[in-house]
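**Q** As input, take data_34.tsv (TSV, C-alpha atoms):
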chain	number	residue	atom	x	y	z
A	1	MET	CA	109.10	95.20	151.80
A	2	ASN	CA	111.99	93.97	149.84
A	3	ASN	CA	109.88	91.28	148.23
A	4	GLN	CA	107.36	93.78	146.97
A	5	ARG	CA	110.08	95.89	145.47
A	6	ARG	CA	111.40	92.85	143.65
A	7	SER	CA	108.06	92.02	142.09
A	8	VAL	CA	107.55	95.62	140.98
A	9	LEU	CA	110.90	95.53	139.29
A	10	LYS	CA	109.99	92.26	137.60
A	11	THR	CA	106.67	93.39	136.18
A	12	GLY	CA	108.14	96.71	135.21
A	13	SER	CA	110.92	95.15	133.18
A	14	GLY	CA	108.49	92.71	131.61
A	15	ALA	CA	106.36	95.47	130.17
A	16	ALA	CA	109.42	97.36	129.03
A	17	LEU	CA	110.68	94.28	127.21
A	18	LEU	CA	107.37	93.88	125.45
A	19	SER	CA	107.34	97.44	124.20
A	20	MET	CA	110.98	97.10	123.16
A	21	LEU	CA	110.13	94.03	121.10
A	22	ALA	CA	107.25	95.87	119.50
A	23	ALA	CA	109.51	98.80	118.70
A	24	ALA	CA	112.10	96.49	117.19
A	25	GLY	CA	109.43	95.07	114.92
A	26	LEU	CA	109.49	91.60	116.44
A	27	ILE	CA	105.88	91.88	117.43
A	28	LYS	CA	103.73	93.49	114.82
A	29	PRO	CA	100.28	94.44	115.94
A	30	GLY	CA	97.76	94.22	113.14
A	31	MET	CA	100.23	92.50	110.87
A	32	ALA	CA	98.87	89.02	111.36
A	33	LEU	CA	97.92	87.57	108.03
A	34	ALA	CA	95.85	84.51	107.35
A	35	GLU	CA	97.65	81.39	108.46
A	36	TRP	CA	99.71	79.83	105.67
A	37	ASN	CA	97.59	77.11	104.11
A	38	LYS	CA	99.88	74.14	104.70
A	39	ALA	CA	97.42	71.54	103.46
A	40	ALA	CA	97.00	73.28	100.13
A	41	PHE	CA	100.72	73.82	99.58
A	42	ASP	CA	101.58	70.26	100.63
A	43	ALA	CA	99.03	68.75	98.29
A	44	LYS	CA	100.68	66.76	95.52
A	45	SER	CA	98.19	66.88	92.69
A	46	MET	CA	95.82	69.41	91.23
A	47	ALA	CA	92.81	67.51	92.56
A	48	ASP	CA	94.23	67.34	96.09
A	49	THR	CA	95.08	71.04	96.03
A	50	LEU	CA	91.57	71.98	94.98
A	51	LYS	CA	90.20	69.73	97.70
A	52	ALA	CA	92.47	71.35	100.32
A	53	LEU	CA	91.26	74.75	99.20
A	54	GLY	CA	87.68	73.56	99.42
A	55	ILE	CA	86.94	74.06	95.73
A	56	SER	CA	84.81	71.53	93.89
A	57	GLN	CA	84.61	72.25	90.19
A	58	PRO	CA	86.15	75.46	88.88
A	59	ALA	CA	84.83	76.51	85.48
A	60	ASP	CA	87.03	77.35	82.53
A	61	SER	CA	86.73	81.01	81.69
A	62	LYS	CA	87.89	83.10	78.77
A	63	ASP	CA	88.05	86.10	81.07
A	64	VAL	CA	90.96	84.56	82.94
A	65	GLN	CA	94.31	84.62	81.25
A	66	ILE	CA	97.57	83.03	82.12
A	67	THR	CA	100.63	84.39	80.41
A	68	GLY	CA	104.01	82.83	80.10
A	69	PRO	CA	106.46	81.55	77.53
A	70	ASP	CA	105.48	78.64	75.25
A	71	ILE	CA	108.89	77.15	75.87
A	72	ALA	CA	110.95	77.82	78.98
A	73	GLU	CA	114.61	77.06	78.52
A	74	ASN	CA	115.28	77.21	82.23
A	75	GLY	CA	112.66	75.68	84.49
A	76	ALA	CA	114.15	77.43	87.53
A	77	VAL	CA	112.85	80.80	86.41
A	78	VAL	CA	109.63	80.81	84.42
A	79	PRO	CA	107.83	84.15	84.21
A	80	VAL	CA	104.11	83.63	84.70
A	81	GLY	CA	101.33	86.17	84.92
A	82	VAL	CA	97.66	85.87	85.76
A	83	THR	CA	95.03	88.38	84.74
A	84	SER	CA	91.32	88.27	85.31
A	85	ALA	CA	88.69	90.39	83.62
A	86	ILE	CA	85.96	89.07	85.91
A	87	PRO	CA	84.66	91.86	88.14
A	88	GLY	CA	85.08	91.26	91.84
A	89	THR	CA	88.11	89.02	91.57
A	90	THR	CA	89.39	88.55	95.11
A	91	MET	CA	91.86	85.68	94.83
A	92	MET	CA	94.23	84.36	92.22
A	93	ALA	CA	96.50	81.33	92.37
A	94	ILE	CA	99.06	79.67	90.15
A	95	LEU	CA	99.09	75.89	89.99
A	96	ILE	CA	101.57	73.72	88.12
A	97	ASP	CA	100.15	70.30	87.36
A	98	LYS	CA	103.34	68.24	87.25
A	99	ASN	CA	105.34	69.91	90.00
A	100	PRO	CA	105.87	67.91	93.21
A	101	ASN	CA	103.42	70.27	94.89
A	102	ALA	CA	100.93	71.73	92.48
A	103	LEU	CA	100.22	75.03	94.21
A	104	ALA	CA	102.93	77.62	93.53
A	105	ALA	CA	101.47	80.82	94.93
A	106	SER	CA	98.19	82.43	95.82
A	107	PHE	CA	97.34	86.09	95.97
A	108	THR	CA	94.54	87.78	97.86
A	109	LEU	CA	93.43	90.98	96.23
A	110	PRO	CA	91.74	93.63	98.34
A	111	GLU	CA	89.42	96.06	96.59
A	112	GLY	CA	91.35	98.51	94.45
A	113	THR	CA	94.09	96.08	93.50
A	114	GLU	CA	94.02	95.07	89.85
A	115	ALA	CA	93.55	91.40	89.02
A	116	ASN	CA	96.87	91.25	87.26
A	117	VAL	CA	99.88	89.73	88.99
A	118	GLN	CA	103.18	88.69	87.52
A	119	THR	CA	105.74	86.51	89.20
A	120	ARG	CA	108.30	83.83	88.43
A	121	VAL	CA	107.98	80.16	89.24
A	122	LYS	CA	109.99	76.96	89.09
A	123	MET	CA	108.88	74.07	86.92
A	124	GLY	CA	110.25	70.55	87.17
A	125	GLN	CA	109.13	69.52	83.72
A	126	THR	CA	106.81	70.39	80.85
A	127	SER	CA	103.40	70.85	82.37
A	128	ASN	CA	100.06	72.53	82.19
A	129	VAL	CA	100.02	75.67	84.29
A	130	TYR	CA	96.68	76.72	85.73
A	131	ALA	CA	95.45	80.08	86.82
A	132	LEU	CA	92.78	79.77	89.46
A	133	VAL	CA	90.66	82.83	90.11
A	134	LYS	CA	87.98	83.48	92.68
A	135	ALA	CA	85.29	86.04	91.98
A	136	GLY	CA	82.32	86.22	94.29
A	137	ASP	CA	81.73	82.65	95.43
A	138	LYS	CA	82.78	81.10	92.15
A	139	TYR	CA	86.09	79.79	90.90
A	140	TYR	CA	87.38	80.03	87.36
A	141	THR	CA	90.45	78.64	85.66
A	142	ALA	CA	92.62	79.09	82.63
A	143	THR	CA	95.30	76.73	81.38
A	144	LYS	CA	98.48	77.08	79.43
A	145	GLU	CA	101.04	74.43	78.61
A	146	ILE	CA	104.61	75.53	79.16
A	147	LYS	CA	107.34	73.32	77.74
A	148	VAL	CA	110.46	73.08	79.85
A	149	THR	CA	113.79	72.10	78.32
A	150	LEU	CA	115.73	72.08	81.58
A	151	GLY	CA	113.96	71.27	84.84
A	152	GLY	CA	114.27	73.64	87.75
A	153	CYS	CA	113.36	71.40	90.64
A	154	GLY	CA	115.90	68.59	90.49
A	155	GLY	CA	119.51	69.08	91.27
B	1	MET	CA	121.25	84.51	109.01
B	2	ALA	CA	120.88	88.09	108.00
B	3	THR	CA	118.33	88.86	105.37
B	4	LYS	CA	119.14	90.96	102.35
B	5	PRO	CA	117.24	94.07	101.32
B	6	MET	CA	114.61	93.83	98.63
B	7	ARG	CA	114.53	95.94	95.53
B	8	ILE	CA	111.20	97.64	95.25
B	9	ARG	CA	109.94	100.12	92.69
B	10	ALA	CA	106.60	101.82	92.93
B	11	ALA	CA	105.45	104.25	90.27
B	12	ALA	CA	102.16	106.12	90.17
B	13	LYS	CA	100.61	106.97	86.82
B	14	ASP	CA	97.05	108.10	86.06
B	15	GLY	CA	95.81	107.14	89.50
B	16	VAL	CA	97.25	103.63	89.38
B	17	THR	CA	100.41	102.58	91.16
B	18	GLU	CA	102.53	99.83	89.72
B	19	VAL	CA	104.67	97.95	92.20
B	20	LYS	CA	107.60	95.78	91.19
B	21	ALA	CA	109.56	93.92	93.80
B	22	LEU	CA	112.57	91.67	93.64
B	23	ILE	CA	113.01	89.83	96.89
B	24	ALA	CA	116.36	88.35	97.84
B	25	HIS	CA	115.66	84.83	99.11
B	26	GLU	CA	117.04	81.38	98.41
B	27	MET	CA	113.63	79.71	98.05
B	28	GLU	CA	115.12	76.27	98.64
B	29	THR	CA	112.56	73.58	97.79
B	30	GLY	CA	113.73	70.85	100.13
B	31	GLN	CA	114.03	68.50	97.17
B	32	ARG	CA	117.54	69.26	96.03
B	33	LYS	CA	120.54	67.38	97.30
B	34	ASP	CA	124.01	68.67	97.98
B	35	ALA	CA	127.24	67.10	96.68
B	36	ASN	CA	127.15	64.46	99.44
B	37	GLY	CA	123.61	63.41	98.62
B	38	ALA	CA	122.14	64.99	101.72
B	39	VAL	CA	118.83	66.74	101.21
B	40	ILE	CA	119.08	70.51	101.48
B	41	PRO	CA	116.30	71.53	103.87
B	42	ALA	CA	113.44	73.58	102.54
B	43	TRP	CA	113.76	77.29	103.10
B	44	PHE	CA	111.25	79.50	101.41
B	45	ILE	CA	108.97	82.48	101.86
B	46	THR	CA	105.51	81.44	102.96
B	47	GLU	CA	103.75	84.76	103.30
B	48	LEU	CA	104.25	88.09	101.66
B	49	SER	CA	102.20	91.22	101.90
B	50	VAL	CA	102.38	94.62	100.32
B	51	SER	CA	100.86	97.66	101.94
B	52	HIS	CA	100.27	101.20	100.79
B	53	ASN	CA	100.36	103.77	103.63
B	54	GLY	CA	99.67	100.94	106.05
B	55	LYS	CA	96.73	99.44	104.12
B	56	VAL	CA	97.27	95.99	102.64
B	57	VAL	CA	97.02	96.04	98.84
B	58	LEU	CA	98.23	92.50	98.18
B	59	ALA	CA	98.49	89.48	100.44
B	60	SER	CA	100.08	86.37	99.05
B	61	GLU	CA	101.11	82.90	100.08
B	62	PHE	CA	104.06	81.24	98.42
B	63	GLY	CA	104.96	77.60	98.00
B	64	THR	CA	108.34	76.18	97.13
B	65	ALA	CA	107.63	76.53	93.42
B	66	VAL	CA	108.19	80.27	93.44
B	67	SER	CA	111.57	80.94	91.88
B	68	LYS	CA	114.71	81.88	93.75
B	69	ASN	CA	114.82	85.62	94.45
B	70	PRO	CA	111.09	85.99	93.79
B	71	TYR	CA	109.81	88.66	91.47
B	72	LEU	CA	106.42	90.20	91.84
B	73	ALA	CA	104.61	92.86	89.86
B	74	PHE	CA	101.08	94.17	90.27
B	75	LYS	CA	99.03	97.37	90.23
B	76	PHE	CA	96.63	98.99	92.62
B	77	LYS	CA	94.35	102.00	92.35
B	78	GLY	CA	95.40	105.12	94.17
B	79	GLY	CA	98.76	106.12	95.45
B	80	ALA	CA	100.55	109.40	94.98
B	81	THR	CA	104.15	110.43	94.74
B	82	GLY	CA	105.73	110.24	98.17
B	83	ASP	CA	103.30	107.65	99.58
B	84	LYS	CA	104.90	104.70	101.31
B	85	VAL	CA	104.78	101.22	99.88
B	86	ALA	CA	106.05	98.49	102.17
B	87	VAL	CA	106.72	94.84	101.36
B	88	SER	CA	106.92	92.31	104.20
B	89	TRP	CA	107.66	88.63	104.04
B	90	LYS	CA	107.96	85.74	106.41
B	91	ASP	CA	109.68	82.43	105.67
B	92	ASN	CA	109.28	78.89	106.95
B	93	LYS	CA	112.21	79.37	109.34
B	94	GLY	CA	110.38	82.23	111.01
B	95	GLU	CA	112.57	84.95	109.59
B	96	SER	CA	110.93	88.07	108.30
B	97	ARG	CA	111.81	91.32	106.68
B	98	THR	CA	110.08	94.55	105.72
B	99	ASP	CA	111.35	97.09	103.24
B	100	GLU	CA	109.71	100.36	102.37
B	101	VAL	CA	109.94	102.75	99.44
B	102	ALA	CA	108.30	105.99	98.52
B	103	ILE	CA	106.21	106.04	95.34
B	104	GLY	CA	108.21	107.83	92.67
Could you express the structure from this file as structure tokens?
**A**
Amino acid sequence: MNNQRRSVLKTGSGAALLSMLAAAGLIKPGMALAEWNKAAFDAKSMADTLKALGISQPADSKDVQITGPDIAENGAVVPVGVTSAIPGTTMMAILIDKNPNALAASFTLPEGTEANVQTRVKMGQTSNVYALVKAGDKYYTATKEIKVTLGGCGG
Amino acid sequence: MATKPMRIRAAAKDGVTEVKALIAHEMETGQRKDANGAVIPAWFITELSVSHNGKVVLASEFGTAVSKNPYLAFKFKGGATGDKVAVSWKDNKGESRTDEVAIG
């Protein structure tokens, strides 16, 4: 009898703990996002990044724009924006050619979100910065060279 | 280590909501060295998502090249004054944080 009571106590507290964790926000049902793409972010060069993302030959497009300063005095904080005028844009990414890892950030855009994202990135040195945009099954790019007077990745 | 609150602004205008977020995070690249020449381990946000009334409006993945205290601005269709906009992030050490604001 005693044994049974013990096991009831055990299972009872286990379920309570689970719901407590959920309440505390440690377990978030439905919050699971796509797994962070380690291969793509670890890739050193532009070519390797594209390969890790499974992209063969993105086409240059005038409908994609990358905005940023021509000269960044401080490479640690470089404002960069990507806009796409291509209908059905679902993904945008920022790649910095000469950084240790080319891929800086990628954004997935659900329907209703405008293809216009601004952020700030670090740049180790003067480099071409690429905007990579996915619309439908196709990939498009735009390039801008940003000159850096003081690198933001060394130290 | 305790995480610091984000600063989020969300403003609705003509049926479009503009979200601006400033996230407090070190975003250490793992390439810098301290005064003794020891490498400072990488510590950066890997995933960040923004939701409007529980529906994801932006999902992003960050690498180490995103600047310290990341800034993010974007717009989505819909949203009315009083709606909730929540920003959640997760870093490579497994820490996470969610902050929520009402659209103003």
**Q** So that I can see what lies close to range 18-29 of chain B, please list as JSON, numbers by chain the residues with an atom at most 10 Å from it, counting all atoms listed in the file and leaving out residues fewer than 2 positions away in the same chain.
**A** {"A": [100, 113, 114, 118, 119, 122, 153, 154], "B": [3, 4, 5, 6, 7, 8, 9, 10, 11, 12, 13, 15, 16, 31, 32, 39, 40, 41, 42, 43, 44, 45, 46, 50, 62, 63, 64, 65, 66, 67, 68, 69, 70, 71, 72, 73, 74, 75, 76, 77, 78, 79, 85, 87, 88, 89, 91, 92, 97, 99, 103]}
**Q** I'd like the interatomic distance between CA of Glu47 in chain B and CA of Ala59 in chain B, to a tenth of an Å.
**A**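 Separating CA of Glu47 in chain B from CA of Ala59 in chain B is a distance of 7.6 Å.
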**Q** Could you jot down the CA of Lys55 in chain B to CA of Pro87 in chain A separation for me, Å, one decimal place?
**A** 21.4 Å
**Q** Show me which bits of chain A are within 6 Å of chain B, counting only C-alpha atoms, as an mmCIF file with C-alpha atoms, in the coordinates of the input.
**A**
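Okay, this is what ended up in out06.cif:
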data_model
loop_
_atom_site.group_PDB
_atom_site.id
_atom_site.type_symbol
_atom_site.label_atom_id
_atom_site.label_comp_id
_atom_site.auth_asym_id
_atom_site.auth_seq_id
_atom_site.Cartn_x
_atom_site.Cartn_y
_atom_site.Cartn_z
ATOM 1 C CA PHE A 41 100.720 73.820 99.580
ATOM 2 C CA VAL A 77 112.850 80.800 86.410
ATOM 3 C CA ALA A 104 102.930 77.620 93.530
ATOM 4 C CA ALA A 105 101.470 80.820 94.930
ATOM 5 C CA SER A 106 98.190 82.430 95.820
ATOM 6 C CA PHE A 107 97.340 86.090 95.970
ATOM 7 C CA THR A 108 94.540 87.780 97.860
ATOM 8 C CA LEU A 109 93.430 90.980 96.230
ATOM 9 C CA PRO A 110 91.740 93.630 98.340
ATOM 10 C CA GLY A 112 91.350 98.510 94.450
ATOM 11 C CA THR A 113 94.090 96.080 93.500
ATOM 12 C CA GLU A 114 94.020 95.070 89.850
ATOM 13 C CA ASN A 116 96.870 91.250 87.260
ATOM 14 C CA VAL A 117 99.880 89.730 88.990
ATOM 15 C CA GLN A 118 103.180 88.690 87.520
ATOM 16 C CA THR A 119 105.740 86.510 89.200
ATOM 17 C CA ARG A 120 108.300 83.830 88.430
ATOM 18 C CA VAL A 121 107.980 80.160 89.240
ATOM 19 C CA LYS A 122 109.990 76.960 89.090
ATOM 20 C CA GLY A 154 115.900 68.590 90.490
ATOM 21 C CA GLY A 155 119.510 69.080 91.270
#
**Q** Skipping near chain neighbours, those fewer than 5 positions away, what residues fall within 8 Å of Pro69 in chain A using all atoms listed in the file, listed as a tab-separated table (two decimals) with C-alpha atoms, in the coordinates of the input?
**A**
chain	number	residue	atom	x	y	z
A	78	VAL	CA	109.63	80.81	84.42
A	79	PRO	CA	107.83	84.15	84.21
A	80	VAL	CA	104.11	83.63	84.70
A	146	ILE	CA	104.61	75.53	79.16
**Q** How many Å separate CA of Gln65 in chain A from CA of Gly104 in chain B?
**A** 29.4 Å
**Q** At a cut-off of 7 Å from (91.6, 91.8, 86.5) in the coordinates of the file, what residues are picked up using only C-alpha atoms, written as a list in words?
**A**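 Looking at atoms near the point gives Thr83, Ser84, Ala85, Ile86, Thr89, Glu114, Ala115 and Asn116 of chain A.
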**Q** Neighbourhood query: residues within 7 Å of (102.0, 104.8, 105.4), file coordinates, counting only C-alpha atoms; return as a ChimeraX atom specification.
**A** /B:52-54,83-84
**Q** Determine, counting all atoms listed in the file, which protein, DNA and RNA residues have an atom within 8 Å of an atom of range 131-142 of chain A; residues of the same chain fewer than 6 positions away are not included. Present the result as a ChimeraX atom specification.
**A** /A:55,57-62,64-66,82,84,86-95
**Q** Would you mind telling me which residue in A:Asn101, A:Thr143, A:Asn74, A:Thr67 lies nearest to Thr49 in chain A when using all atoms listed in the file?
**A**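 Looking at the shortest contact to Thr49 in chain A, the residue is A:Asn101.
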